[in-house]
$ cat structure.cif   # mmCIF, C-alpha atoms
data_entry
loop_
_atom_site.label_atom_id
_atom_site.label_comp_id
_atom_site.auth_asym_id
_atom_site.auth_seq_id
_atom_site.Cartn_x
_atom_site.Cartn_y
_atom_site.Cartn_z
CA MET Q 1 -0.10 -7.28 21.65
CA THR Q 2 3.31 -5.74 21.01
CA ILE Q 3 5.28 -8.96 21.08
CA THR Q 4 8.09 -8.50 18.62
CA GLU Q 5 10.15 -11.50 19.68
CA GLN Q 6 10.36 -14.39 17.28
CA ASN Q 7 9.35 -17.78 18.58
CA ILE Q 8 11.32 -20.35 16.60
CA ASP Q 9 11.78 -24.01 17.51
CA HIS Q 10 15.56 -24.61 17.42
CA ARG Q 11 15.09 -27.77 15.34
CA LEU Q 12 13.62 -25.69 12.51
CA PHE Q 13 16.12 -22.86 12.49
CA ASP Q 14 18.63 -24.33 10.03
CA ILE Q 15 15.93 -25.43 7.62
CA LEU Q 16 14.27 -22.02 7.53
CA GLU Q 17 17.64 -20.33 7.27
CA LYS Q 18 18.05 -21.87 3.81
CA VAL Q 19 14.86 -20.35 2.43
CA SER Q 20 15.51 -16.99 0.81
CA ASP Q 21 13.51 -14.04 -0.41
CA PRO Q 22 12.90 -14.75 -4.13
CA GLU Q 23 13.46 -11.11 -5.01
CA ILE Q 24 16.63 -10.77 -2.92
CA PRO Q 25 18.13 -14.27 -3.15
CA VAL Q 26 21.11 -13.48 -0.91
CA LEU Q 27 18.85 -12.74 2.01
CA SER Q 28 17.50 -15.56 4.14
CA ILE Q 29 13.91 -15.14 5.34
CA MET Q 30 15.28 -15.48 8.87
CA ASP Q 31 17.60 -12.49 8.40
CA MET Q 32 14.73 -10.62 6.80
CA GLY Q 33 12.70 -11.09 10.00
CA VAL Q 34 9.54 -12.26 8.23
CA VAL Q 35 9.25 -15.55 10.13
CA ARG Q 36 7.56 -14.69 13.41
CA SER Q 37 7.00 -18.14 14.80
CA ALA Q 38 7.80 -21.73 13.89
CA LEU Q 39 6.58 -24.45 16.22
CA ILE Q 40 6.08 -28.17 16.04
CA VAL Q 41 2.61 -29.07 17.28
CA ASN Q 42 1.55 -32.75 17.10
CA ASP Q 43 4.12 -33.45 14.38
CA ILE Q 44 2.85 -30.59 12.23
CA VAL Q 45 5.04 -27.54 11.78
CA LYS Q 46 3.08 -24.34 12.21
CA ILE Q 47 4.72 -21.28 10.75
CA GLU Q 48 3.64 -17.67 10.94
CA ILE Q 49 5.10 -15.22 8.47
CA THR Q 50 4.41 -11.51 8.11
CA PRO Q 51 4.57 -9.56 4.85
CA THR Q 52 7.13 -6.82 4.35
CA TYR Q 53 4.66 -4.86 2.22
CA SER Q 54 0.94 -5.71 1.87
CA GLY Q 55 1.21 -6.27 -1.87
CA CYS Q 56 4.54 -8.06 -1.80
CA PRO Q 57 4.18 -10.81 -4.43
CA ALA Q 58 7.08 -12.67 -2.81
CA MET Q 59 4.96 -13.75 0.16
CA ASP Q 60 3.07 -16.49 -1.72
CA VAL Q 61 6.36 -17.85 -3.04
CA ILE Q 62 7.99 -17.69 0.39
CA GLY Q 63 5.07 -19.66 1.86
CA ASP Q 64 5.46 -22.35 -0.82
CA ASP Q 65 9.25 -22.44 -0.45
CA ILE Q 66 8.95 -22.94 3.31
CA LYS Q 67 6.52 -25.81 2.84
CA SER Q 68 8.74 -27.53 0.30
CA ALA Q 69 11.92 -27.04 2.37
CA LEU Q 70 10.19 -28.64 5.35
CA LYS Q 71 8.72 -31.41 3.22
CA ASP Q 72 12.22 -32.31 2.02
CA VAL Q 73 13.18 -33.19 5.58
CA GLY Q 74 9.93 -34.98 6.31
CA TYR Q 75 7.79 -32.33 7.98
CA ILE Q 76 4.20 -31.49 7.11
CA SER Q 77 3.62 -27.80 7.59
CA GLU Q 78 1.02 -25.07 7.66
CA VAL Q 79 1.97 -21.49 6.86
CA ASP Q 80 -0.15 -18.59 8.07
CA LEU Q 81 0.18 -14.97 7.09
CA ILE Q 82 -0.17 -12.63 10.05
CA LEU Q 83 -0.37 -8.83 9.95
CA HIS Q 84 0.18 -7.99 13.57
CA PRO Q 85 2.62 -6.82 14.74
CA ALA Q 86 3.46 -5.20 11.41
CA TRP Q 87 6.87 -5.87 9.93
CA THR Q 88 9.50 -3.19 10.28
CA THR Q 89 12.94 -2.82 8.71
CA ASP Q 90 14.31 -2.93 12.29
CA TRP Q 91 13.77 -6.68 12.16
CA ILE Q 92 16.40 -7.16 9.46
CA THR Q 93 19.36 -8.67 11.30
CA PRO Q 94 22.89 -7.18 11.14
CA ARG Q 95 23.88 -10.14 8.96
CA GLY Q 96 20.87 -9.41 6.74
CA ARG Q 97 21.90 -5.76 6.39
CA LYS Q 98 25.39 -6.85 5.37
CA ALA Q 99 23.96 -9.30 2.82
CA LEU Q 100 21.86 -6.49 1.33
CA GLU Q 101 24.85 -4.17 1.05
CA ASP Q 102 27.00 -6.88 -0.54
CA TYR Q 103 24.24 -7.53 -3.03
CA GLY Q 104 24.15 -3.85 -4.05
CA ILE Q 105 21.16 -2.67 -2.03
CA ALA Q 106 21.82 0.05 0.55
CA ALA Q 107 20.40 -0.96 3.94
CA PRO Q 108 17.65 1.18 5.52
CA LEU Q 109 18.61 4.24 7.57
CA ASP Q 110 16.68 5.23 10.69
CA ALA Q 111 13.31 6.96 10.25
CA GLN Q 112 14.54 10.56 10.45
CA ALA Q 113 17.51 10.04 8.14
CA ASP Q 114 15.20 8.19 5.75
CA LYS Q 115 12.92 11.22 5.60
CA ASP Q 116 15.91 13.48 5.00
CA VAL Q 117 17.13 11.51 2.00
CA LEU Q 118 13.72 10.89 0.45
CA LEU Q 119 12.25 14.35 0.97
CA ASN Q 120 15.04 16.82 1.58
CA ASP Q 121 17.68 15.62 -0.89
CA LYS Q 122 20.18 14.96 1.86
CA ARG Q 123 23.20 13.01 0.66
CA ILE Q 124 23.90 10.38 3.29
CA VAL Q 125 23.03 7.03 1.73
CA LYS Q 126 26.30 5.19 1.14
CA CYS Q 127 26.95 4.00 -2.40
CA THR Q 128 27.08 0.20 -2.36
CA ASN Q 129 29.77 0.27 -5.03
CA CYS Q 130 32.34 2.85 -3.82
CA GLY Q 131 31.09 3.84 -0.35
CA SER Q 132 30.74 7.54 -1.14
CA GLN Q 133 27.87 9.45 0.45
CA ASN Q 134 27.69 11.79 -2.52
CA THR Q 135 24.55 10.04 -3.71
CA ARG Q 136 21.18 11.32 -4.85
CA LEU Q 137 17.64 10.12 -5.00
CA VAL Q 138 16.46 9.26 -8.53
CA SER Q 139 13.00 7.99 -7.59
CA GLN Q 140 11.16 7.29 -4.34
CA PHE Q 141 9.97 4.00 -5.80
CA GLY Q 142 12.41 1.46 -7.20
CA SER Q 143 12.34 -2.00 -8.73
CA THR Q 144 10.11 -3.29 -5.92
CA ALA Q 145 7.78 -1.55 -3.47
CA CYS Q 146 10.34 -1.74 -0.67
CA LYS Q 147 13.12 0.10 -2.49
CA ALA Q 148 13.97 3.58 -3.81
CA GLN Q 149 16.35 4.31 -6.69
CA PHE Q 150 19.59 6.15 -6.08
CA GLN Q 151 22.63 7.12 -8.06
CA CYS Q 152 26.17 7.77 -6.87
CA ASP Q 153 27.69 11.03 -8.13
CA GLU Q 154 31.24 9.81 -7.47
CA CYS Q 155 31.34 6.52 -9.35
CA GLN Q 156 28.02 7.04 -11.23
CA GLU Q 157 26.73 3.63 -10.14
CA PRO Q 158 22.91 3.40 -9.91
CA PHE Q 159 21.70 1.35 -6.93
CA ASP Q 160 18.67 0.52 -4.81
CA TYR Q 161 18.06 1.78 -1.30
CA PHE Q 162 15.89 -0.30 1.02
CA LYS Q 163 13.36 2.18 2.47
CA CYS Q 164 12.87 2.43 6.21
CA LEU Q 165 9.54 0.98 7.28
CA LYS Q 166 8.64 1.63 10.87
CA MET K 1 -25.67 -12.26 6.98
CA LYS K 2 -25.25 -11.66 10.68
CA ASN K 3 -22.68 -8.92 10.41
CA GLU K 4 -23.91 -7.10 7.36
CA ASN K 5 -22.90 -3.66 8.57
CA LEU K 6 -19.34 -4.76 9.24
CA TYR K 7 -19.17 -6.49 5.84
CA ASN K 8 -20.39 -3.37 4.07
CA TYR K 9 -18.09 -1.21 6.12
CA ILE K 10 -15.01 -3.23 5.11
CA LEU K 11 -16.06 -3.10 1.45
CA GLY K 12 -16.46 0.65 1.73
CA ILE K 13 -12.82 0.97 2.77
CA ALA K 14 -11.42 -1.67 0.43
CA ASP K 15 -13.22 -0.55 -2.73
CA ASN K 16 -11.43 2.81 -2.62
CA SER K 17 -8.08 1.03 -2.71
CA LEU K 18 -9.22 -1.49 -5.33
CA ILE K 19 -10.52 1.06 -7.80
CA LEU K 20 -7.63 3.48 -7.29
CA GLY K 21 -5.19 0.58 -7.61
CA GLN K 22 -6.80 -0.39 -10.93
CA ARG K 23 -6.58 3.20 -12.21
CA LEU K 24 -2.89 3.41 -11.33
CA GLY K 25 -2.30 -0.02 -12.84
CA GLU K 26 -3.51 1.35 -16.18
CA LEU K 27 -0.30 3.36 -16.26
CA CYS K 28 1.86 0.24 -16.31
CA GLY K 29 4.05 0.77 -19.36
CA HIS K 30 2.37 4.13 -20.05
CA GLY K 31 3.75 6.41 -17.33
CA PRO K 32 5.35 9.68 -18.46
CA SER K 33 8.80 8.44 -17.44
CA LEU K 34 10.22 5.15 -16.28
CA GLU K 35 10.51 6.33 -12.66
CA THR K 36 6.95 7.67 -12.41
CA ASP K 37 5.61 4.61 -14.22
CA ILE K 38 7.26 2.37 -11.63
CA ALA K 39 6.13 4.59 -8.76
CA CYS K 40 2.48 4.56 -9.84
CA THR K 41 2.46 0.80 -10.31
CA ASN K 42 4.24 0.27 -6.99
CA ILE K 43 1.55 2.33 -5.27
CA SER K 44 -1.03 0.29 -7.16
CA LEU K 45 0.57 -2.91 -5.86
CA ASP K 46 0.51 -1.63 -2.28
CA LEU K 47 -3.18 -0.81 -2.66
CA PHE K 48 -4.02 -4.24 -4.12
CA GLY K 49 -2.14 -5.88 -1.26
CA GLN K 50 -4.19 -3.90 1.23
CA VAL K 51 -7.37 -4.83 -0.61
CA ARG K 52 -6.53 -8.51 -0.25
CA SER K 53 -6.29 -8.17 3.53
CA TYR K 54 -9.65 -6.40 3.66
CA PHE K 55 -11.44 -8.78 1.27
CA GLN K 56 -10.06 -11.88 3.01
CA TYR K 57 -11.54 -10.53 6.21
CA ALA K 58 -14.83 -9.63 4.48
CA ALA K 59 -15.06 -13.16 3.04
CA LYS K 60 -14.63 -14.55 6.54
CA ILE K 61 -17.41 -12.26 7.84
CA ALA K 62 -19.72 -13.28 4.98
CA GLY K 63 -19.17 -16.87 6.08
CA ASP K 64 -20.47 -18.45 2.87
CA GLN K 65 -18.76 -19.73 -0.28
CA ARG K 66 -17.55 -16.27 -1.25
CA THR K 67 -13.80 -15.78 -1.64
CA GLU K 68 -11.73 -12.59 -1.78
CA ASP K 69 -11.65 -12.96 -5.58
CA ASP K 70 -15.44 -13.22 -5.85
CA ILE K 71 -15.79 -10.04 -3.86
CA ALA K 72 -13.28 -8.21 -6.04
CA MET K 73 -14.35 -9.54 -9.42
CA LEU K 74 -17.97 -10.56 -9.42
CA ARG K 75 -19.96 -7.66 -8.08
CA LYS K 76 -22.03 -5.35 -10.26
CA GLU K 77 -21.30 -1.66 -10.63
CA ARG K 78 -23.99 -0.60 -8.16
CA GLU K 79 -22.47 -2.87 -5.51
CA TYR K 80 -19.11 -1.07 -5.46
CA LYS K 81 -18.88 1.40 -2.60
CA ASN K 82 -15.83 3.45 -3.56
CA VAL K 83 -15.92 7.25 -3.54
CA LEU K 84 -16.28 8.99 -6.90
CA LEU K 85 -12.83 10.57 -6.59
CA VAL K 86 -10.88 7.34 -7.06
CA GLU K 87 -12.71 6.23 -10.20
CA GLN K 88 -11.92 9.42 -12.12
CA PRO K 89 -9.78 8.72 -15.21
CA ASN K 90 -6.04 9.34 -15.65
CA THR K 91 -6.77 12.34 -17.88
CA ASP K 92 -3.15 13.49 -17.71
CA PHE K 93 -0.30 13.23 -15.22
CA ALA K 94 -1.57 16.25 -13.24
CA TYR K 95 -4.98 14.58 -12.85
CA THR K 96 -3.42 11.28 -11.86
CA LEU K 97 -1.26 12.90 -9.19
CA GLY K 98 -3.93 15.40 -8.14
CA ARG K 99 -6.36 12.53 -7.57
CA GLN K 100 -3.69 10.63 -5.70
CA PHE K 101 -2.83 13.60 -3.50
CA LEU K 102 -6.47 14.37 -2.65
CA PHE K 103 -7.00 10.74 -1.72
CA ASP K 104 -3.67 10.13 0.09
CA VAL K 105 -4.17 12.99 2.54
CA TYR K 106 -7.56 11.52 3.44
CA HIS K 107 -6.30 7.92 3.45
CA LEU K 108 -3.47 8.73 5.84
CA SER K 109 -5.69 10.39 8.42
CA PHE K 110 -8.35 7.69 8.01
CA LEU K 111 -5.86 4.87 8.66
CA SER K 112 -4.40 6.72 11.58
CA GLU K 113 -7.85 6.64 13.20
CA LEU K 114 -8.64 3.09 12.07
CA GLN K 115 -5.60 1.91 14.04
CA LYS K 116 -7.67 2.66 17.14
CA SER K 117 -10.55 0.45 16.01
CA THR K 118 -11.87 -2.00 18.58
CA ASP K 119 -11.88 -4.57 15.76
CA LEU K 120 -8.42 -6.10 16.05
CA THR K 121 -8.22 -7.27 12.44
CA LEU K 122 -9.07 -3.82 11.11
CA SER K 123 -6.63 -2.12 13.45
CA ALA K 124 -3.87 -4.56 12.42
CA ILE K 125 -4.54 -3.92 8.73
CA ALA K 126 -4.53 -0.16 9.34
CA ASN K 127 -1.30 -0.41 11.26
CA LYS K 128 0.27 -2.22 8.33
CA CYS K 129 -1.15 0.01 5.58
CA ILE K 130 -0.34 3.35 7.14
CA LYS K 131 3.38 2.77 6.72
CA GLU K 132 2.92 2.28 2.99
CA VAL K 133 0.45 5.09 2.56
CA SER K 134 2.78 7.61 4.19
CA TYR K 135 5.16 6.94 1.27
CA HIS K 136 2.30 7.44 -1.20
CA GLU K 137 1.42 10.76 0.38
CA ARG K 138 5.02 11.96 0.23
CA PHE K 139 5.22 11.04 -3.43
CA SER K 140 1.97 12.69 -4.49
CA SER K 141 2.51 15.84 -2.38
CA ASP K 142 5.96 16.17 -3.85
CA TRP K 143 4.60 16.06 -7.39
CA VAL K 144 1.78 18.53 -6.70
CA LYS K 145 4.45 20.92 -5.43
CA ARG K 146 6.76 20.26 -8.35
CA LEU K 147 4.06 20.76 -10.97
CA GLY K 148 2.32 23.62 -9.16
CA ASP K 149 5.52 25.53 -8.60
CA GLY K 150 6.95 24.50 -11.99
CA THR K 151 6.45 26.00 -15.44
CA ASP K 152 3.39 27.98 -16.54
CA GLU K 153 2.20 24.91 -18.40
CA SER K 154 2.58 22.47 -15.49
CA LYS K 155 1.02 24.96 -13.09
CA SER K 156 -2.04 25.49 -15.24
CA LYS K 157 -2.52 21.73 -15.70
CA MET K 158 -2.13 21.07 -11.98
CA GLN K 159 -4.55 23.85 -11.13
CA SER K 160 -7.16 22.63 -13.55
CA ALA K 161 -6.87 19.06 -12.22
CA ILE K 162 -7.37 20.27 -8.64
CA ASN K 163 -10.29 22.47 -9.69
CA ASP K 164 -12.03 19.59 -11.47
CA LEU K 165 -11.38 16.98 -8.78
CA TRP K 166 -12.32 19.28 -5.90
CA THR K 167 -16.00 18.53 -6.42
CA TYR K 168 -15.39 14.91 -5.33
CA THR K 169 -13.59 15.68 -2.06
CA ASP K 170 -16.57 16.34 0.20
CA GLU K 171 -17.90 12.81 -0.32
CA LEU K 172 -14.91 11.44 1.61
CA PHE K 173 -16.55 12.77 4.78
CA HIS K 174 -20.04 11.55 4.05
CA GLN K 175 -21.32 8.77 6.34
CA THR K 176 -23.29 5.75 5.17
CA GLU K 177 -25.63 3.76 7.39
CA ALA K 178 -22.93 1.08 7.82
CA ASP K 179 -20.42 3.81 8.78
CA LYS K 180 -22.71 5.18 11.47
CA ALA K 181 -23.43 1.74 12.89
CA MET K 182 -19.71 0.92 13.03
CA VAL K 183 -18.74 4.25 14.57
CA GLU K 184 -21.31 3.66 17.29
CA ILE K 185 -19.64 0.45 18.45
CA GLY K 186 -16.08 1.78 18.19
CA VAL K 187 -15.16 -0.25 15.11
CA GLY K 188 -15.48 2.48 12.50
CA VAL K 189 -13.87 5.87 12.02
CA ASP K 190 -16.05 8.95 12.29
CA VAL K 191 -15.00 10.55 9.01
CA THR K 192 -16.89 13.76 9.72
CA MET K 193 -14.24 14.48 12.35
CA LEU K 194 -11.45 14.33 9.75
CA LYS K 195 -12.89 16.99 7.47
CA ASP K 196 -11.47 20.22 8.92
CA THR K 197 -7.93 18.89 9.23
CA TYR K 198 -8.17 17.48 5.72
CA TYR K 199 -9.09 20.78 4.10
CA LYS K 200 -6.47 22.57 6.16
CA ASN K 201 -3.68 20.16 5.17
CA VAL K 202 -4.70 20.12 1.53
CA SER K 203 -5.01 23.91 1.39
CA ASP K 204 -1.62 24.41 3.06
CA LEU K 205 0.09 22.24 0.49
CA LEU K 206 -1.74 23.85 -2.43
CA LEU K 207 -0.67 27.29 -1.24
CA GLU K 208 2.89 26.09 -0.76
CA SER K 209 2.70 24.83 -4.35
CA THR K 210 1.67 28.37 -5.43
CA LEU K 211 -1.72 27.01 -6.46
CA GLU K 212 -5.13 28.41 -5.62
CA VAL K 213 -7.47 26.62 -3.25
CA PRO K 214 -10.78 26.19 -5.12
CA ASP K 215 -13.64 28.02 -3.40
CA SER K 216 -16.42 26.02 -5.06
CA LYS K 217 -19.03 24.76 -2.64
CA TYR K 218 -20.67 22.45 -5.16
CA PHE K 219 -19.89 18.82 -4.40
CA GLN K 220 -20.79 15.47 -5.98
CA LYS K 221 -21.50 12.36 -3.99
CA GLY K 222 -23.10 8.94 -4.43
CA GLY K 223 -20.24 6.47 -4.84
CA LYS K 224 -20.51 5.19 -1.30
CA GLU K 225 -24.14 4.28 -2.05
CA GLY K 226 -23.27 2.67 -5.37
CA ILE K 227 -24.29 5.59 -7.60
CA HIS K 228 -21.18 6.12 -9.71
CA THR K 229 -19.94 8.35 -12.49
CA GLU K 230 -19.94 6.89 -15.99
CA HIS K 231 -16.23 6.05 -15.65
CA LEU K 232 -16.63 3.14 -13.24
CA GLY K 233 -18.46 0.85 -15.67
CA TYR K 234 -15.60 1.02 -18.18
CA LEU K 235 -13.04 0.43 -15.46
CA LEU K 236 -14.92 -2.63 -14.21
CA SER K 237 -15.22 -4.09 -17.70
CA ASP K 238 -11.42 -4.11 -17.80
CA LEU K 239 -10.98 -5.32 -14.23
CA GLN K 240 -13.51 -8.13 -14.52
CA TYR K 241 -12.88 -9.17 -18.11
CA MET K 242 -11.07 -12.45 -17.42
CA GLN K 243 -13.44 -13.69 -14.72
CA ARG K 244 -16.51 -12.84 -16.81
CA THR K 245 -15.10 -14.41 -19.96
CA TYR K 246 -13.62 -17.52 -18.37
CA PRO K 247 -15.61 -18.01 -15.14
CA ASN K 248 -13.61 -19.49 -12.24
CA MET K 249 -10.34 -19.38 -14.15
CA GLU K 250 -7.17 -19.47 -12.05
CA TRP K 251 -3.47 -19.22 -12.73
#
$ encode --input "structure.cif" --output "structure tokens"
Amino acid sequence: MTITEQNIDHRLFDILEKVSDPEIPVLSIMDMGVVRSALIVNDIVKIEITPTYSGCPAMDVIGDDIKSALKDVGYISEVDLILHPAWTTDWITPRGRKALEDYGIAAPLDAQADKDVLLNDKRIVKCTNCGSQNTRLVSQFGSTACKAQFQCDECQEPFDYFKCLK
Amino acid sequence: MKNENLYNYILGIADNSLILGQRLGELCGHGPSLETDIACTNISLDLFGQVRSYFQYAAKIAGDQRTEDDIAMLRKEREYKNVLLVEQPNTDFAYTLGRQFLFDVYHLSFLSELQKSTDLTLSAIANKCIKEVSYHERFSSDWVKRLGDGTDESKSKMQSAINDLWTYTDELFHQTEADKAMVEIGVGVDVTMLKDTYYKNVSDLLLESTLEVPDSKYFQKGGKEGIHTEHLGYLLSDLQYMQRTYPNMEW
């Protein structure tokens, strides 16, 4: 039950690649790691996606966007939401992490470092604007459930940090 | 219904998150600062998301026309199975965070056990939720410490919130008939086993926050059996307003 590999039909890859997270438009759902399987069974595309956070309002929109992207190229599809195995920030691809950083959201640190910055005021999150690590936590919860608010004490830029979920 | 105990068991878990989520949602636009406002509503959103997973499963178990929305919106007060703690009002910020802390410590240990459930849907939901709830617990513990070990004013407010809410903590470890039946077949969590660790963890943090651990042995219970405090009715009239006024409305 601990299969973490994605199972994506190669014919669907490019189509799904173009669907993005509505709250982080620079990030493709493929780089986000939310698509767990995409298979063509008897001419119907069956997709399984997993939520980042249980209450993430983006999931309904992502499901609809997938269906309409596939419809545009002539596929009928079914999208199922699965909970197991639970999504982790480890599934964000290196390209996805870079896209986050370029967009102004600091990518998640590993679990221990994440604890250090959120609980022990450790200054290690890199500012997405100037790259300084002289940054501090403003709030453990940010503009969406998956992010915390930070501010850089070098350039004063406020920015989001994508929390580690493991 | 064939699986009535399982259905009731799921509702018992989900109603805690639903009612607490609604309470926190009341703070939307009314939090003491922008950051805490956003934090409380984010936690609320997590809880509502979790509730959806539970209610979707419960609707499947019920196997009739009922949907997750019917279960959330169309029950009567006596049919809600949440503990009394989560329905207590947001009297002030210390109450809000005190309530959150007293529930989060329980919630975290409960989910940790539920991950071992022989019911694969419940264990998958628990596995998902525990990651979110560990952030909730960090947030609420942090605030109890900050207020407890803060000014005289914040300390006295935090202490009085803990003293008042303490009376609702014992109910968390009370077993219903559905609980017992589910524990027996390895689906449910035996909450009586969580009690000692709970009071130890809570007491440790209160002491670290320079607060006193209440020594009252008088506890209130009843929520799990549908006997609620007066506060729940008002909460439900808000929660259910749209569905009661415009039945079957959607957007």
$ interface_residues --input "structure.cif" --of "chain K" --to "chain Q" --cutoff "10 Å" --atoms "only C-alpha atoms" --output "count of residues only"
38
$ residues_around --input "structure.cif" --residues "Asp170 (chain K)" --least-positions-apart "5" --cutoff "12 Å" --atoms "only C-alpha atoms" --output "list of chain:residue names"
K:Val83, K:Leu84, K:Leu85, K:Leu102, K:Phe103, K:Tyr106, K:Leu165, K:Gln175, K:Val191, K:Thr192, K:Leu194, K:Lys195, K:Asp196, K:Tyr198, K:Tyr199, K:Ser216, K:Lys217, K:Tyr218, K:Phe219, K:Gln220, K:Lys221, K:Gly222, K:Gly223, K:Lys224
$ write_last_selection --input "structure.cif" --atoms "C-alpha atoms" --output "short mmCIF file (atom, residue, chain, number, x, y, z; two decimals), in the coordinates of the input"
data_model
loop_
_atom_site.label_atom_id
_atom_site.label_comp_id
_atom_site.auth_asym_id
_atom_site.auth_seq_id
_atom_site.Cartn_x
_atom_site.Cartn_y
_atom_site.Cartn_z
CA VAL K 83 -15.92 7.25 -3.54
CA LEU K 84 -16.28 8.99 -6.90
CA LEU K 85 -12.83 10.57 -6.59
CA LEU K 102 -6.47 14.37 -2.65
CA PHE K 103 -7.00 10.74 -1.72
CA TYR K 106 -7.56 11.52 3.44
CA LEU K 165 -11.38 16.98 -8.78
CA GLN K 175 -21.32 8.77 6.34
CA VAL K 191 -15.00 10.55 9.01
CA THR K 192 -16.89 13.76 9.72
CA LEU K 194 -11.45 14.33 9.75
CA LYS K 195 -12.89 16.99 7.47
CA ASP K 196 -11.47 20.22 8.92
CA TYR K 198 -8.17 17.48 5.72
CA TYR K 199 -9.09 20.78 4.10
CA SER K 216 -16.42 26.02 -5.06
CA LYS K 217 -19.03 24.76 -2.64
CA TYR K 218 -20.67 22.45 -5.16
CA PHE K 219 -19.89 18.82 -4.40
CA GLN K 220 -20.79 15.47 -5.98
CA LYS K 221 -21.50 12.36 -3.99
CA GLY K 222 -23.10 8.94 -4.43
CA GLY K 223 -20.24 6.47 -4.84
CA LYS K 224 -20.51 5.19 -1.30
#
$ residues_around --input "structure.cif" --residues "region 64-69 of chain Q" --least-positions-apart "6" --cutoff "8 Å" --atoms "only C-alpha atoms" --output "count of residues only"
7
$ atom_distance --input "structure.cif" --atom1 "CA of Asn16 (chain K)" --atom2 "CA of Val86 (chain K)"
6.4 Å
$ resolve_selection --input "structure.cif" --expression "the PyMOL selection byres ((chain K and resi 88) around 9)" --output "list in words"
Leu20, Arg23, Leu84, Leu85, Val86, Glu87, Pro89, Asn90, Thr91, Tyr95, Thr96, Arg99, Leu165, Thr229, His231 and Leu232 of chain K
$ atom_distance --input "structure.cif" --atom1 "CA of Ser112 (chain K)" --atom2 "CA of Gln112 (chain Q)"
19.4 Å
$ atom_distance --input "structure.cif" --atom1 "CA of Phe173 (chain K)" --atom2 "CA of Ala14 (chain K)"
15.9 Å
$ resolve_selection --input "structure.cif" --expression "the PyMOL selection byres ((chain Q and resi 8) around 6)" --output "list in words"
Asn7, Asp9, Ser37 and Ala38 of chain Q
$ closest_residue --input "structure.cif" --among "K:Glu177, K:Asp164, K:Asp190, K:Glu79" --to "Asp215 (chain K)" --atoms "only C-alpha atoms"
K:Asp164
